[in-house]
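So this one's my_file-v3.cif, mmCIF, C-alpha atoms:
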data_protein
loop_
_atom_site.label_atom_id
_atom_site.label_comp_id
_atom_site.auth_asym_id
_atom_site.auth_seq_id
_atom_site.Cartn_x
_atom_site.Cartn_y
_atom_site.Cartn_z
CA MET A 215 -63.55 125.75 26.69
CA LEU A 216 -62.42 127.63 23.62
CA GLU A 217 -61.03 124.44 22.18
CA ALA A 218 -64.36 122.74 22.78
CA LEU A 219 -66.18 125.53 20.96
CA MET A 220 -63.67 125.26 18.11
CA LYS A 221 -64.53 121.60 17.85
CA ILE A 222 -68.19 122.43 17.35
CA PHE A 223 -67.91 125.51 15.18
CA GLY A 224 -64.33 125.51 14.03
CA LYS A 225 -63.23 124.98 10.45
CA LYS A 226 -60.32 122.63 11.21
CA GLU A 227 -60.07 120.12 8.41
CA SER A 228 -61.45 116.72 9.42
CA SER A 229 -59.03 113.80 9.50
CA GLY A 230 -61.35 111.84 7.17
CA LYS A 231 -60.95 114.53 4.52
CA ILE A 232 -57.18 114.55 5.02
CA ALA A 233 -57.13 110.75 4.61
CA LYS A 234 -59.09 110.99 1.37
CA ASP A 235 -56.84 113.67 -0.09
CA ARG A 236 -53.68 111.76 0.85
CA LEU A 237 -55.06 108.57 -0.63
CA LYS A 238 -55.93 110.24 -3.93
CA VAL A 239 -52.35 111.44 -4.32
CA VAL A 240 -50.66 108.22 -3.27
CA LEU A 241 -52.81 106.21 -5.68
CA ILE A 242 -51.81 108.42 -8.60
CA HIS A 243 -48.21 107.50 -7.82
CA ASP A 244 -48.98 103.81 -7.24
CA ARG A 245 -50.95 103.47 -10.46
CA ALA A 246 -48.24 105.28 -12.45
CA ASN A 247 -45.83 102.44 -11.75
CA ILE A 248 -45.77 100.97 -15.23
CA SER A 249 -43.53 98.16 -16.41
CA PRO A 250 -40.33 98.76 -18.44
CA GLU A 251 -41.97 96.89 -21.32
CA VAL A 252 -44.92 99.27 -21.45
CA MET A 253 -42.51 102.21 -21.16
CA ASN A 254 -40.52 100.89 -24.10
CA ASN A 255 -43.64 100.49 -26.23
CA LEU A 256 -44.64 104.04 -25.36
CA LYS A 257 -41.17 105.29 -26.36
CA ASN A 258 -41.33 103.51 -29.72
CA ASP A 259 -44.78 104.93 -30.44
CA ILE A 260 -43.60 108.45 -29.64
CA ILE A 261 -40.56 108.03 -31.91
CA ARG A 262 -42.80 106.84 -34.73
CA VAL A 263 -45.14 109.82 -34.51
CA ILE A 264 -42.46 112.47 -34.07
CA SER A 265 -40.41 111.06 -36.95
CA ASN A 266 -43.20 112.13 -39.29
CA TYR A 267 -42.25 115.72 -38.56
CA MET A 268 -38.57 115.78 -37.70
CA GLU A 269 -35.46 113.69 -37.46
CA ILE A 270 -34.62 112.91 -33.87
CA ASN A 271 -31.64 111.46 -32.11
CA GLN A 272 -33.09 108.24 -30.72
CA HIS A 273 -30.04 107.27 -28.69
CA ASP A 274 -30.00 110.40 -26.56
CA MET A 275 -33.75 110.41 -26.08
CA GLU A 276 -35.01 110.14 -22.51
CA ILE A 277 -38.52 109.44 -21.39
CA SER A 278 -39.75 108.93 -17.87
CA LEU A 279 -42.57 109.49 -15.41
CA ALA A 280 -41.75 112.22 -12.93
CA ASP A 281 -43.38 112.30 -9.52
CA ASP A 282 -44.33 115.62 -8.10
CA ASP A 283 -46.01 116.22 -4.75
CA ASP A 284 -49.54 116.00 -6.04
CA SER A 285 -49.22 114.95 -9.66
CA VAL A 286 -47.40 112.69 -12.07
CA ALA A 287 -45.95 113.98 -15.35
CA LEU A 288 -44.65 112.21 -18.43
CA VAL A 289 -41.33 113.90 -19.17
CA ALA A 290 -39.64 113.43 -22.53
CA ASN A 291 -36.33 114.90 -23.62
CA ILE A 292 -36.03 114.37 -27.37
CA PRO A 293 -33.02 115.92 -29.20
CA VAL A 294 -33.98 117.09 -32.71
CA SER A 295 -31.34 116.58 -35.44
CA ARG A 296 -33.14 118.16 -38.38
CA MET A 297 -36.57 119.40 -39.33
CA LYS A 298 -38.16 117.75 -42.30
CA HIS A 299 -39.10 119.95 -45.25
CA ASP A 300 -42.33 118.16 -45.96
CA LYS A 301 -43.53 118.43 -42.34
CA GLY A 302 -46.29 115.99 -41.68
CA LYS A 303 -47.05 115.09 -45.31
CA ASN A 304 -45.44 111.67 -45.21
CA LYS A 305 -47.52 110.15 -42.47
CA GLY A 306 -47.71 106.40 -42.17
CA MET B 129 -75.58 77.51 -12.26
CA SER B 130 -72.76 77.72 -9.80
CA GLU B 131 -70.58 80.72 -9.06
CA ILE B 132 -67.05 80.86 -7.73
CA TYR B 133 -66.11 83.81 -5.54
CA VAL B 134 -62.73 84.70 -4.12
CA ILE B 135 -62.64 86.88 -0.99
CA THR B 136 -59.44 88.91 -1.02
CA SER B 137 -57.98 92.16 0.37
CA GLY B 138 -54.22 92.50 0.07
CA LYS B 139 -53.84 93.73 3.61
CA GLY B 140 -54.19 91.27 6.47
CA GLY B 141 -56.66 91.65 9.31
CA VAL B 142 -59.42 93.47 7.43
CA GLY B 143 -61.91 90.62 7.72
CA LYS B 144 -61.51 88.30 4.72
CA THR B 145 -62.08 85.14 6.71
CA THR B 146 -64.90 86.66 8.76
CA THR B 147 -66.59 87.76 5.53
CA THR B 148 -66.12 84.33 3.95
CA ALA B 149 -67.61 82.56 6.98
CA ASN B 150 -70.59 84.92 7.22
CA LEU B 151 -71.44 84.88 3.53
CA GLY B 152 -71.10 81.09 3.46
CA VAL B 153 -73.44 80.62 6.42
CA GLY B 154 -75.83 83.25 5.03
CA LEU B 155 -76.10 81.51 1.66
CA ALA B 156 -76.54 78.13 3.37
CA MET B 157 -79.33 79.60 5.55
CA ARG B 158 -81.16 80.22 2.28
CA GLY B 159 -80.77 76.57 1.38
CA LYS B 160 -77.96 77.06 -1.14
CA ARG B 161 -75.33 74.36 -1.44
CA VAL B 162 -72.11 76.12 -0.43
CA ALA B 163 -68.46 75.07 -0.27
CA LEU B 164 -65.90 77.24 1.51
CA VAL B 165 -62.31 76.64 0.43
CA ASP B 166 -59.56 77.91 2.72
CA THR B 167 -56.41 78.69 0.71
CA ASP B 168 -54.52 80.39 3.55
CA THR B 169 -52.21 77.40 3.84
CA GLY B 170 -50.07 77.46 6.97
CA LEU B 171 -52.31 80.05 8.66
CA ARG B 172 -55.72 78.44 8.47
CA ASN B 173 -58.53 79.99 10.49
CA LEU B 174 -61.77 79.51 8.60
CA ASP B 175 -62.31 76.24 10.51
CA LEU B 176 -62.17 78.14 13.81
CA LEU B 177 -64.66 80.79 12.72
CA LEU B 178 -67.12 78.07 11.75
CA GLY B 179 -66.53 75.99 14.89
CA LEU B 180 -65.31 73.03 12.82
CA GLU B 181 -61.71 72.79 14.00
CA ASN B 182 -62.19 69.42 15.69
CA ARG B 183 -63.73 67.69 12.69
CA ILE B 184 -60.91 67.98 10.18
CA MET B 185 -59.60 64.70 8.78
CA TYR B 186 -58.01 65.65 5.46
CA ASP B 187 -57.09 68.97 3.87
CA LEU B 188 -56.78 70.81 0.56
CA ILE B 189 -53.23 69.56 0.00
CA ASP B 190 -54.31 65.93 0.46
CA VAL B 191 -56.85 66.59 -2.31
CA THR B 192 -54.62 68.47 -4.77
CA GLU B 193 -51.85 65.90 -4.36
CA GLY B 194 -54.34 63.15 -5.10
CA ARG B 195 -54.25 61.31 -1.77
CA VAL B 196 -58.01 61.60 -1.21
CA GLU B 197 -61.06 62.63 -3.20
CA TYR B 198 -62.30 66.13 -2.35
CA LYS B 199 -65.59 64.79 -1.00
CA LYS B 200 -63.68 62.96 1.70
CA ALA B 201 -61.91 66.12 2.83
CA LEU B 202 -65.08 68.22 3.05
CA VAL B 203 -66.35 68.96 6.56
CA ARG B 204 -70.11 69.37 6.85
CA HIS B 205 -71.33 72.20 9.09
CA LYS B 206 -73.00 71.09 12.32
CA LYS B 207 -76.10 73.25 11.92
CA TYR B 208 -76.41 74.13 8.23
CA ASP B 209 -76.18 70.87 6.39
CA SER B 210 -75.77 72.38 2.92
CA LEU B 211 -72.58 74.14 4.03
CA PHE B 212 -69.20 72.45 3.66
CA LEU B 213 -65.64 73.48 4.48
CA LEU B 214 -62.57 72.35 2.61
CA PRO B 215 -59.85 73.23 5.13
CA THR B 216 -56.25 73.75 4.17
CA SER B 217 -53.10 72.41 5.78
CA GLN B 218 -51.68 74.10 8.85
CA VAL B 219 -48.20 72.63 8.34
CA LYS B 220 -47.50 73.13 4.61
CA ASP B 221 -46.93 76.53 2.96
CA LYS B 222 -48.43 78.45 0.04
CA THR B 223 -46.27 76.69 -2.56
CA ALA B 224 -48.09 73.41 -1.83
CA VAL B 225 -50.96 74.31 -4.22
CA ASN B 226 -50.65 75.85 -7.68
CA PRO B 227 -53.30 77.74 -9.68
CA GLU B 228 -53.92 74.86 -12.12
CA GLN B 229 -54.66 72.44 -9.28
CA LEU B 230 -57.17 74.81 -7.71
CA VAL B 231 -58.89 75.51 -11.04
CA LYS B 232 -59.27 71.78 -11.66
CA LEU B 233 -60.60 71.18 -8.15
CA CYS B 234 -63.14 74.02 -8.40
CA ASN B 235 -64.33 72.74 -11.78
CA ASP B 236 -64.99 69.34 -10.20
CA MET B 237 -66.75 70.90 -7.21
CA LYS B 238 -68.97 73.10 -9.41
CA LYS B 239 -71.15 70.09 -10.19
CA GLU B 240 -72.13 69.70 -6.53
CA PHE B 241 -72.39 73.28 -5.30
CA ASP B 242 -74.32 76.49 -6.03
CA TYR B 243 -71.59 78.65 -4.53
CA ILE B 244 -67.89 78.11 -3.96
CA LEU B 245 -66.24 80.77 -1.80
CA ILE B 246 -62.45 80.84 -1.74
CA ASP B 247 -60.80 82.50 1.27
CA CYS B 248 -57.62 84.13 -0.04
CA PRO B 249 -54.45 84.72 2.02
CA ALA B 250 -53.13 88.25 2.59
CA GLY B 251 -50.43 89.53 0.23
CA ILE B 252 -50.02 89.57 -3.55
CA GLU B 253 -47.67 86.62 -3.94
CA GLN B 254 -48.12 82.99 -4.99
CA GLY B 255 -50.92 82.30 -2.48
CA PHE B 256 -52.99 85.18 -3.86
CA LYS B 257 -52.37 84.15 -7.47
CA THR B 258 -53.49 80.60 -6.70
CA ALA B 259 -56.59 81.72 -4.81
CA ILE B 260 -57.89 84.00 -7.59
CA ALA B 261 -57.18 81.62 -10.47
CA ALA B 262 -60.51 79.80 -10.37
CA ALA B 263 -62.78 82.70 -9.43
CA ASP B 264 -65.57 84.21 -11.56
CA VAL B 265 -66.07 87.09 -9.15
CA ALA B 266 -63.69 88.73 -6.68
CA ILE B 267 -64.96 90.30 -3.47
CA VAL B 268 -62.39 92.80 -2.23
CA VAL B 269 -62.70 93.49 1.50
CA THR B 270 -61.32 96.75 2.79
CA MET B 271 -61.54 98.99 5.84
CA PRO B 272 -61.95 102.77 6.11
CA GLU B 273 -58.25 103.22 6.73
CA ILE B 274 -55.70 104.58 4.27
CA SER B 275 -53.42 101.54 4.32
CA ALA B 276 -56.30 99.12 3.72
CA VAL B 277 -57.71 101.23 0.87
CA ARG B 278 -54.30 101.57 -0.77
CA ASP B 279 -53.79 97.81 -0.60
CA ALA B 280 -57.29 97.25 -1.99
CA ASP B 281 -56.37 99.47 -4.95
CA LYS B 282 -53.24 97.40 -5.55
CA ILE B 283 -55.27 94.19 -5.41
CA ILE B 284 -57.82 95.59 -7.87
CA GLY B 285 -54.92 96.35 -10.24
CA GLU B 286 -53.54 92.81 -9.84
CA LEU B 287 -57.00 91.31 -10.45
CA GLY B 288 -57.25 93.35 -13.65
CA ARG B 289 -53.88 92.05 -14.83
CA ALA B 290 -55.14 88.51 -14.21
CA ASP B 291 -58.23 89.29 -16.36
CA LYS B 292 -60.58 89.18 -13.38
CA GLU B 293 -62.88 92.04 -14.29
CA ASN B 294 -65.88 91.21 -12.11
CA ILE B 295 -64.91 92.83 -8.82
CA LYS B 296 -67.14 93.83 -5.88
CA LEU B 297 -66.22 95.78 -2.80
CA VAL B 298 -67.11 95.26 0.87
CA VAL B 299 -66.19 98.00 3.34
CA ASN B 300 -65.76 96.40 6.73
CA ARG B 301 -65.43 97.73 10.28
CA ILE B 302 -67.01 101.13 9.74
CA ARG B 303 -67.42 103.18 12.92
CA PRO B 304 -70.52 105.28 12.20
CA LEU B 305 -69.85 107.85 14.93
CA MET B 306 -66.39 108.56 13.55
CA VAL B 307 -67.82 108.84 10.04
CA GLU B 308 -70.45 111.24 11.31
CA SER B 309 -67.84 113.49 12.92
CA GLY B 310 -65.77 113.45 9.72
CA ASP B 311 -62.93 111.44 11.22
CA MET B 312 -63.34 108.31 9.12
CA LEU B 313 -63.65 107.64 5.42
CA ASP B 314 -67.16 106.47 4.54
CA MET B 315 -68.40 104.12 1.84
CA ASP B 316 -68.92 106.95 -0.64
CA ASP B 317 -65.35 108.24 -0.17
CA ILE B 318 -63.96 104.76 -0.77
CA ASN B 319 -66.26 104.23 -3.74
CA ASP B 320 -65.06 107.49 -5.19
CA ILE B 321 -61.40 106.51 -4.79
CA LEU B 322 -61.57 102.86 -5.94
CA SER B 323 -64.43 103.08 -8.49
CA ILE B 324 -65.63 99.56 -7.76
CA GLU B 325 -69.23 98.49 -7.18
CA CYS B 326 -69.83 98.32 -3.44
CA ILE B 327 -72.04 95.46 -2.24
CA GLY B 328 -71.80 96.06 1.47
CA GLN B 329 -70.81 98.27 4.37
CA VAL B 330 -70.32 96.44 7.62
CA PRO B 331 -70.16 98.34 10.91
CA ASP B 332 -67.57 97.55 13.54
CA ASP B 333 -69.49 95.35 15.96
CA GLU B 334 -68.45 93.70 19.22
CA MET B 335 -70.68 90.78 18.35
CA VAL B 336 -68.18 89.84 15.63
CA VAL B 337 -65.70 89.17 18.44
CA THR B 338 -68.14 87.27 20.66
CA SER B 339 -69.47 85.22 17.75
CA THR B 340 -65.92 84.38 16.64
CA ASN B 341 -65.19 83.27 20.21
CA ARG B 342 -68.09 80.85 19.95
CA GLY B 343 -67.42 79.69 16.41
CA GLU B 344 -70.82 80.91 15.19
CA PRO B 345 -70.67 83.66 12.55
CA CYS B 346 -72.62 86.80 13.54
CA ILE B 347 -74.93 86.54 10.52
CA THR B 348 -76.94 84.07 12.62
CA MET B 349 -77.52 86.66 15.35
CA PRO B 350 -80.69 88.70 14.77
CA ASN B 351 -79.53 91.62 16.94
CA SER B 352 -76.08 92.02 15.42
CA GLN B 353 -75.58 95.11 13.26
CA ALA B 354 -72.73 93.45 11.40
CA GLY B 355 -74.92 90.36 11.02
CA GLN B 356 -77.63 92.50 9.39
CA ALA B 357 -75.05 94.01 7.05
CA TYR B 358 -73.89 90.51 6.03
CA ARG B 359 -77.51 89.39 5.51
CA ASN B 360 -77.92 92.37 3.17
CA ILE B 361 -74.80 91.36 1.22
CA VAL B 362 -76.16 87.81 0.85
CA SER B 363 -79.41 89.27 -0.51
CA ARG B 364 -77.48 91.34 -3.05
CA LEU B 365 -75.45 88.29 -4.11
CA CYS B 366 -78.77 86.50 -4.67
CA GLY B 367 -79.89 89.34 -6.94
CA GLU B 368 -82.25 91.12 -4.53
CA PRO B 369 -81.66 94.87 -4.46
CA VAL B 370 -81.54 95.92 -0.79
CA PRO B 371 -80.91 99.53 0.28
CA PHE B 372 -77.76 100.15 2.28
CA MET B 373 -78.49 100.19 5.99
CA GLU B 374 -78.63 103.46 7.91
CA PHE B 375 -76.35 103.59 10.89
CA PRO B 376 -77.82 105.03 14.10
CA LYS B 377 -76.81 108.64 14.47
CA GLU B 378 -75.50 110.34 17.56
CA GLY B 379 -77.94 112.90 18.99
CA PHE B 380 -77.03 116.55 19.48
CA PHE B 381 -76.83 116.29 23.28
CA THR B 382 -74.70 113.17 23.21
CA ARG B 383 -72.33 114.95 20.87
CA LEU B 384 -72.26 118.03 23.09
CA LYS B 385 -71.49 115.82 26.08
CA ARG B 386 -68.71 114.07 24.22
CA VAL B 387 -67.16 117.32 23.06
CA PHE B 388 -67.13 118.67 26.62
CA ASN B 389 -65.92 115.33 27.99
CA LEU B 390 -68.93 115.00 30.28
#
Rewritten as structure tokens:
Amino acid sequence: MLEALMKIFGKKESSGKIAKDRLKVVLIHDRANISPEVMNNLKNDIIRVISNYMEINQHDMEISLADDDDSVALVANIPVSRMKHDKGKNKG
Amino acid sequence: MSEIYVITSGKGGVGKTTTTANLGVGLAMRGKRVALVDTDTGLRNLDLLLGLENRIMYDLIDVTEGRVEYKKALVRHKKYDSLFLLPTSQVKDKTAVNPEQLVKLCNDMKKEFDYILIDCPAGIEQGFKTAIAAADVAIVVTMPEISAVRDADKIIGELGRADKENIKLVVNRIRPLMVESGDMLDMDDINDILSIECIGQVPDDEMVVTSTNRGEPCITMPNSQAGQAYRNIVSRLCGEPVPFMEFPKEGFFTRLKRVFNL
């Protein structure tokens, strides 16, 4: 009886809502699956921009997409060798 | 002007072939000249849904390999004489046709037909790539189920990579009572997740089973809910804006009875 009343008035999350929330998360992960080629282009673009400001060690640089439970992050580990004196003036 | 549609889904069993058969019959009921091309080589079923399984002489592979002209392989529908089926082979596999061959065939057929509907196999491999190659518009069929929606999302991504940008969505096998009680994704949820224009929501309907048994798509049945939903989709494809159908709601007392298991 109590269970029946809970069904009418209770606040238990509906399975449709759960399905929607799970789908949203799984699709973030699915869509974040980008090809090594795109990843490489992204890496080169990042190197180009950062090099305007500082010298970086390109060989030890790591860049990847990290999956968390409900989000995806772009994680970059970029060792800096030296700051440039004319920070940002030599763009292009 | 003729239009080429591909009906696809990624996941199997969501109703691609049923949708193809119904839309084909629906368009033919309006007097349009329609060709249905089955590309599910090795697992053909579109002939069964149309009740044409005993009339097949030649198939898609005979045409693409140049043994017969496509007109010879076409099977005319018994009742709707502007509707034709180009069946595929039941013995060959998906590698028997390549995308270039299908594009060439569809270009030839365009001269004779207002609509060409291509029934795509499940999966994202060679068979899928061949089926979508010739299409102007892709109709992605999905179901209110997480696996079907996820696969639909994957298919939408693959279509984008193949430069197929005109994509429409059909949500099939909706159970209105489950949606009402919050236990099933509805069309708006799926729209929100996939961000694709929805052109139809089709309720789960026993008449789909009985009509398939008879080889007569349910769009011909005036009392079928799914049939009405398919008629609405045909109207939308023909450029007539039709509101989405309301599903009958469960009354308060029926719900109370169900909750108390009476």
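Residue-level contacts from chain B to chain A at 8 Å, counting all atoms listed in the file, read Glu273, Ile274, Val277, Arg278, Asp281, Lys282, Val307, Ser309, Gly310, Asp311, Met312, Leu313, Asp317, Ile321, Val387 and Phe388 of chain B.
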All residues 8 Å or closer to B:Thr146, only C-alpha atoms, same chain fewer than 6 positions away omitted, as a PyMOL selection string: chain B and resi 174+177+345
Fewer than 6 positions away in the same chain doesn't count, so skip those; otherwise give me all residues within 12 Å of B:Arg301, counting only C-alpha atoms, as a tab-separated table (two decimals) with C-alpha atoms, in the coordinates of the input.
chain	number	residue	atom	x	y	z
B	141	GLY	CA	-56.66	91.65	9.31
B	142	VAL	CA	-59.42	93.47	7.43
B	143	GLY	CA	-61.91	90.62	7.72
B	144	LYS	CA	-61.51	88.30	4.72
B	146	THR	CA	-64.90	86.66	8.76
B	147	THR	CA	-66.59	87.76	5.53
B	269	VAL	CA	-62.70	93.49	1.50
B	270	THR	CA	-61.32	96.75	2.79
B	271	MET	CA	-61.54	98.99	5.84
B	272	PRO	CA	-61.95	102.77	6.11
B	273	GLU	CA	-58.25	103.22	6.73
B	276	ALA	CA	-56.30	99.12	3.72
B	307	VAL	CA	-67.82	108.84	10.04
B	312	MET	CA	-63.34	108.31	9.12
B	313	LEU	CA	-63.65	107.64	5.42
B	314	ASP	CA	-67.16	106.47	4.54
B	315	MET	CA	-68.40	104.12	1.84
B	328	GLY	CA	-71.80	96.06	1.47
B	329	GLN	CA	-70.81	98.27	4.37
B	330	VAL	CA	-70.32	96.44	7.62
B	331	PRO	CA	-70.16	98.34	10.91
B	332	ASP	CA	-67.57	97.55	13.54
B	333	ASP	CA	-69.49	95.35	15.96
B	334	GLU	CA	-68.45	93.70	19.22
B	335	MET	CA	-70.68	90.78	18.35
B	336	VAL	CA	-68.18	89.84	15.63
B	337	VAL	CA	-65.70	89.17	18.44
B	353	GLN	CA	-75.58	95.11	13.26
B	354	ALA	CA	-72.73	93.45	11.40
B	357	ALA	CA	-75.05	94.01	7.05
B	358	TYR	CA	-73.89	90.51	6.03
Long-range neighbours of A:Leu288 as a PyMOL selection string, 12 Å cut-off, all atoms listed in the file, 6 positions minimum in chain: chain A and resi 246-248+253+256-257+260+276-282
Output for the residues just chosen: C-alpha atoms as a CSV table (one decimal), in the coordinates of the input:
chain,number,residue,atom,x,y,z
A,246,ALA,CA,-48.2,105.3,-12.4
A,247,ASN,CA,-45.8,102.4,-11.8
A,248,ILE,CA,-45.8,101.0,-15.2
A,253,MET,CA,-42.5,102.2,-21.2
A,256,LEU,CA,-44.6,104.0,-25.4
A,257,LYS,CA,-41.2,105.3,-26.4
A,260,ILE,CA,-43.6,108.4,-29.6
A,276,GLU,CA,-35.0,110.1,-22.5
A,277,ILE,CA,-38.5,109.4,-21.4
A,278,SER,CA,-39.8,108.9,-17.9
A,279,LEU,CA,-42.6,109.5,-15.4
A,280,ALA,CA,-41.8,112.2,-12.9
A,281,ASP,CA,-43.4,112.3,-9.5
A,282,ASP,CA,-44.3,115.6,-8.1
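For the pair atom CA of B:Asp187 and atom CA of B:Asp166, the interatomic distance is 9.3 Å.
You will find atom CA of B:Cys234 at 23.0 Å from atom CA of B:Ile361.
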With N, CA and C atoms as the target, complete stretch 249-262 of chain A and hand it back as a PDB file, in the frame of the given file.
ATOM      1  N   SER A 249     -44.656  99.069 -16.200  1.00  0.00           N
ATOM      2  CA  SER A 249     -43.530  98.160 -16.410  1.00  0.00           C
ATOM      3  C   SER A 249     -42.578  98.716 -17.479  1.00  0.00           C
ATOM      4  N   PRO A 250     -41.300  98.308 -17.437  1.00  0.00           N
ATOM      5  CA  PRO A 250     -40.330  98.760 -18.440  1.00  0.00           C
ATOM      6  C   PRO A 250     -40.782  98.412 -19.859  1.00  0.00           C
ATOM      7  N   GLU A 251     -41.488  97.302 -19.994  1.00  0.00           N
ATOM      8  CA  GLU A 251     -41.970  96.890 -21.320  1.00  0.00           C
ATOM      9  C   GLU A 251     -42.976  97.890 -21.880  1.00  0.00           C
ATOM     10  N   VAL A 252     -43.927  98.290 -21.021  1.00  0.00           N
ATOM     11  CA  VAL A 252     -44.920  99.270 -21.450  1.00  0.00           C
ATOM     12  C   VAL A 252     -44.232 100.595 -21.781  1.00  0.00           C
ATOM     13  N   MET A 253     -43.254 100.971 -20.949  1.00  0.00           N
ATOM     14  CA  MET A 253     -42.510 102.210 -21.160  1.00  0.00           C
ATOM     15  C   MET A 253     -41.798 102.180 -22.519  1.00  0.00           C
ATOM     16  N   ASN A 254     -41.233 101.042 -22.837  1.00  0.00           N
ATOM     17  CA  ASN A 254     -40.520 100.890 -24.100  1.00  0.00           C
ATOM     18  C   ASN A 254     -41.467 101.002 -25.294  1.00  0.00           C
ATOM     19  N   ASN A 255     -42.648 100.386 -25.169  1.00  0.00           N
ATOM     20  CA  ASN A 255     -43.640 100.490 -26.230  1.00  0.00           C
ATOM     21  C   ASN A 255     -44.062 101.938 -26.437  1.00  0.00           C
ATOM     22  N   LEU A 256     -44.256 102.632 -25.312  1.00  0.00           N
ATOM     23  CA  LEU A 256     -44.640 104.040 -25.360  1.00  0.00           C
ATOM     24  C   LEU A 256     -43.565 104.851 -26.081  1.00  0.00           C
ATOM     25  N   LYS A 257     -42.299 104.577 -25.759  1.00  0.00           N
ATOM     26  CA  LYS A 257     -41.170 105.290 -26.360  1.00  0.00           C
ATOM     27  C   LYS A 257     -41.156 105.070 -27.878  1.00  0.00           C
ATOM     28  N   ASN A 258     -41.337 103.824 -28.284  1.00  0.00           N
ATOM     29  CA  ASN A 258     -41.330 103.510 -29.720  1.00  0.00           C
ATOM     30  C   ASN A 258     -42.466 104.200 -30.461  1.00  0.00           C
ATOM     31  N   ASP A 259     -43.638 104.248 -29.810  1.00  0.00           N
ATOM     32  CA  ASP A 259     -44.780 104.930 -30.440  1.00  0.00           C
ATOM     33  C   ASP A 259     -44.505 106.415 -30.600  1.00  0.00           C
ATOM     34  N   ILE A 260     -43.907 107.011 -29.566  1.00  0.00           N
ATOM     35  CA  ILE A 260     -43.600 108.450 -29.640  1.00  0.00           C
ATOM     36  C   ILE A 260     -42.594 108.709 -30.762  1.00  0.00           C
ATOM     37  N   ILE A 261     -41.566 107.871 -30.857  1.00  0.00           N
ATOM     38  CA  ILE A 261     -40.560 108.030 -31.910  1.00  0.00           C
ATOM     39  C   ILE A 261     -41.230 107.985 -33.292  1.00  0.00           C
ATOM     40  N   ARG A 262     -42.137 107.031 -33.442  1.00  0.00           N
ATOM     41  CA  ARG A 262     -42.800 106.840 -34.730  1.00  0.00           C
ATOM     42  C   ARG A 262     -43.584 108.092 -35.133  1.00  0.00           C
TER      43      ARG A 262
END
